[in-house]
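*Asks:* Input file: final-v8.pdb. Contents: PDB, C-alpha atoms, pLDDT in the B column.
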ATOM      1  CA  ILE A   1     119.696  76.305 104.092  1.00 71.00           C
ATOM      2  CA  CYS A   2     120.483  77.431 107.627  1.00 90.00           C
ATOM      3  CA  GLN A   3     123.230  79.963 106.865  1.00 96.00           C
ATOM      4  CA  HIS A   4     120.912  82.911 107.555  1.00 95.00           C
ATOM      5  CA  ALA A   5     120.106  81.646 111.058  1.00 96.00           C
ATOM      6  CA  VAL A   6     123.743  80.838 111.821  1.00 97.00           C
ATOM      7  CA  THR A   7     124.916  84.270 110.654  1.00 97.00           C
ATOM      8  CA  LEU A   8     122.410  86.026 112.921  1.00 97.00           C
ATOM      9  CA  ALA A   9     123.280  83.744 115.845  1.00 98.00           C
ATOM     10  CA  GLN A  10     126.946  84.650 115.450  1.00 98.00           C
ATOM     11  CA  GLN A  11     125.997  88.347 115.559  1.00 98.00           C
ATOM     12  CA  ILE A  12     124.190  87.694 118.840  1.00 98.00           C
ATOM     13  CA  ARG A  13     127.237  85.878 120.188  1.00 98.00           C
ATOM     14  CA  ALA A  14     129.548  88.732 119.202  1.00 98.00           C
ATOM     15  CA  ALA A  15     127.298  91.273 120.918  1.00 98.00           C
ATOM     16  CA  PHE A  16     127.146  89.294 124.166  1.00 98.00           C
ATOM     17  CA  VAL A  17     130.913  88.766 124.178  1.00 98.00           C
ATOM     18  CA  ALA A  18     131.516  92.464 123.458  1.00 98.00           C
ATOM     19  CA  LYS A  19     129.393  93.284 126.517  1.00 97.00           C
ATOM     20  CA  GLY A  20     131.548  90.976 128.640  1.00 97.00           C
ATOM     21  CA  TYR A  21     129.109  88.068 129.052  1.00 98.00           C
ATOM     22  CA  ARG A  22     130.493  84.535 129.187  1.00 97.00           C
ATOM     23  CA  VAL A  23     129.810  81.931 126.518  1.00 98.00           C
ATOM     24  CA  ALA A  24     128.667  78.654 128.103  1.00 97.00           C
ATOM     25  CA  ILE A  25     129.026  76.431 125.038  1.00 95.00           C
ATOM     26  CA  ASP A  26     131.141  77.221 121.986  1.00 95.00           C
ATOM     27  CA  SER A  27     128.455  76.685 119.352  1.00 97.00           C
ATOM     28  CA  PRO A  28     128.940  77.286 115.617  1.00 96.00           C
ATOM     29  CA  THR A  29     125.191  76.774 115.087  1.00 97.00           C
ATOM     30  CA  ASN A  30     121.994  78.815 115.298  1.00 97.00           C
ATOM     31  CA  GLN A  31     121.907  78.082 119.039  1.00 98.00           C
ATOM     32  CA  GLN A  32     123.964  80.266 121.389  1.00 98.00           C
ATOM     33  CA  PHE A  33     124.473  79.639 125.101  1.00 98.00           C
ATOM     34  CA  PHE A  34     125.522  82.215 127.676  1.00 98.00           C
ATOM     35  CA  ILE A  35     126.010  82.410 131.417  1.00 98.00           C
ATOM     36  CA  LEU A  36     124.222  85.559 132.546  1.00 98.00           C
ATOM     37  CA  PRO A  37     123.730  87.220 135.916  1.00 98.00           C
ATOM     38  CA  ASN A  38     120.164  86.684 137.071  1.00 98.00           C
ATOM     39  CA  GLU A  39     119.484  90.424 137.024  1.00 97.00           C
ATOM     40  CA  VAL A  40     120.343  90.444 133.299  1.00 97.00           C
ATOM     41  CA  VAL A  41     118.093  87.432 132.695  1.00 97.00           C
ATOM     42  CA  ASP A  42     115.251  89.207 134.475  1.00 97.00           C
ATOM     43  CA  SER A  43     115.888  92.491 132.665  1.00 96.00           C
ATOM     44  CA  LEU A  44     115.837  90.839 129.253  1.00 96.00           C
ATOM     45  CA  ARG A  45     112.622  88.989 130.050  1.00 95.00           C
ATOM     46  CA  ASP A  46     111.028  92.166 131.412  1.00 95.00           C
ATOM     47  CA  ASN A  47     111.881  93.791 128.064  1.00 92.00           C
ATOM     48  CA  GLY A  48     110.157  91.078 126.046  1.00 92.00           C
ATOM     49  CA  VAL A  49     113.229  89.149 124.927  1.00 93.00           C
ATOM     50  CA  SER A  50     112.508  85.477 124.254  1.00 93.00           C
ATOM     51  CA  PHE A  51     115.033  82.794 125.264  1.00 97.00           C
ATOM     52  CA  GLU A  52     115.234  79.659 127.414  1.00 96.00           C
ATOM     53  CA  ASP A  53     116.887  78.848 130.696  1.00 96.00           C
ATOM     54  CA  TRP A  54     119.293  76.027 129.939  1.00 96.00           C
ATOM     55  CA  GLY A  55     119.133  74.139 133.197  1.00 90.00           C
ATOM     56  CA  VAL A  56     118.311  75.180 136.730  1.00 91.00           C
ATOM     57  CA  ARG A  57     118.437  78.865 137.654  1.00 92.00           C
ATOM     58  CA  GLY A  58     121.431  79.423 139.892  1.00 92.00           C
ATOM     59  CA  GLU A  59     121.583  81.663 142.931  1.00 96.00           C
ATOM     60  CA  GLU A  60     123.492  84.391 141.067  1.00 97.00           C
ATOM     61  CA  GLU A  61     123.597  83.402 137.399  1.00 97.00           C
ATOM     62  CA  THR A  62     121.854  81.183 134.880  1.00 97.00           C
ATOM     63  CA  THR A  63     122.843  79.517 131.638  1.00 98.00           C
ATOM     64  CA  VAL A  64     120.485  80.529 128.841  1.00 98.00           C
ATOM     65  CA  ARG A  65     119.950  79.587 125.207  1.00 98.00           C
ATOM     66  CA  PHE A  66     119.096  81.864 122.298  1.00 98.00           C
ATOM     67  CA  VAL A  67     117.953  80.284 119.029  1.00 97.00           C
ATOM     68  CA  THR A  68     117.622  81.856 115.590  1.00 97.00           C
ATOM     69  CA  SER A  69     115.785  80.419 112.588  1.00 96.00           C
ATOM     70  CA  TRP A  70     114.970  81.137 108.963  1.00 94.00           C
ATOM     71  CA  ALA A  71     112.274  83.490 110.286  1.00 95.00           C
ATOM     72  CA  THR A  72     114.609  85.568 112.484  1.00 95.00           C
ATOM     73  CA  THR A  73     115.227  88.984 110.998  1.00 95.00           C
ATOM     74  CA  LYS A  74     118.183  91.321 111.241  1.00 96.00           C
ATOM     75  CA  GLU A  75     115.814  93.734 113.006  1.00 96.00           C
ATOM     76  CA  ASP A  76     115.022  91.050 115.622  1.00 96.00           C
ATOM     77  CA  VAL A  77     118.720  90.717 116.385  1.00 96.00           C
ATOM     78  CA  GLU A  78     119.234  94.480 116.490  1.00 96.00           C
ATOM     79  CA  LYS A  79     116.363  94.824 119.006  1.00 95.00           C
ATOM     80  CA  LEU A  80     117.901  92.131 121.197  1.00 95.00           C
ATOM     81  CA  ILE A  81     121.303  93.805 121.102  1.00 96.00           C
ATOM     82  CA  GLU A  82     119.743  97.182 121.984  1.00 94.00           C
ATOM     83  CA  ARG A  83     118.176  95.606 125.069  1.00 93.00           C
ATOM     84  CA  LEU A  84     121.401  94.120 126.409  1.00 94.00           C
ATOM     85  CA  PRO A  85     122.392  95.849 129.639  1.00 92.00           C
TER      86      PRO A  85
END
Show me, as structure tokens, the structure contained in the file I just sent.
*Replies:*
Amino acid sequence: ICQHAVTLAQQIRAAFVAKGYRVAIDSPTNQQFFILPNEVVDSLRDNGVSFEDWGVRGEEETTVRFVTSWATTKEDVEKLIERLP
């Protein structure tokens, strides 16, 4: 039932790793966690990307969570990847 969401989440993970961002939690699910520099967090938010801070914002970097669902489209993931600095 959730294979679609997991597949898209793994595409997000691969894109973040390819850009050199650190994975915070090794998740095989539709939830992906990354440690991002705060300027990247701010840039993504400024560009309309939706995600959650996963804990307290640090001085230089923050752990964030991206979640996919049955309603997430391939185009949604492609837009996110295009917006990654």
*Asks:* For the atom pair CA of Ser50 (chain A) and CA of Leu8 (chain A), what is the interatomic distance in Å to one decimal place?
*Replies:* 15.1 Å
*Asks:* Restricting the calculation to all atoms listed in the file, which member of A:Val64, A:Ala5, A:Val41, A:Leu36 is positioned closest to Lys19 (chain A)?
*Replies:*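 Selected residue with least distance to Lys19 (chain A): A:Leu36.
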*Asks:* Dig up all the protein and nucleic acid residues within 7 Å of (116.1, 80.7, 119.4) in the file frame, using only C-alpha atoms, and format them as a PyMOL selection string.
*Replies:* chain A and resi 31+51+66-69
*Asks:* Give me, as a ChimeraX atom specification, all polymer residues having an atom no more than 12 Å from Val17 (chain A), counting only C-alpha atoms and skipping those fewer than 6 positions away in the same chain.
*Replies:* /A:10-11,23-24,26,32-36,81,84
*Asks:* Evaluate the PyMOL selection byres ((chain A and resi 39) around 12) on the structure here and hand back the selected residues as a list in words.
*Replies:*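 Selection result, ordered by chain and number: Ile35, Leu36, Pro37, Asn38, Val40, Val41, Asp42, Ser43, Leu44, Arg45, Asp46, Arg57, Gly58, Glu59, Glu60, Glu61, Thr62, Leu84 and Pro85 of chain A.
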*Asks:* Select, from A:Thr63, A:Asp76, A:Ala71, A:Ala9, the residue with the minimum atom-to-atom distance to Arg22 (chain A), counting only C-alpha atoms.
*Replies:*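 Distance minimum relative to Arg22 (chain A) lands on A:Thr63.
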*Asks:* With only C-alpha atoms as the atoms that count, which of A:Val49, A:Val56, A:Ile1, A:Leu80 lies nearest to Phe16 (chain A)?
*Replies:*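 Selected residue with least distance to Phe16 (chain A): A:Leu80.
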*Asks:* To one decimal place in Å, what is the distance between CA of Thr73 (chain A) and CA of His4 (chain A)?
*Replies:*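 Separating CA of Thr73 (chain A) from CA of His4 (chain A) is a distance of 9.0 Å.
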*Asks:* Mind giving me the straight-line distance from CA of Gly20 (chain A) to CA of Cys2 (chain A) in Å, one decimal?
*Replies:*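 Distance between the two atoms: 27.3 Å.
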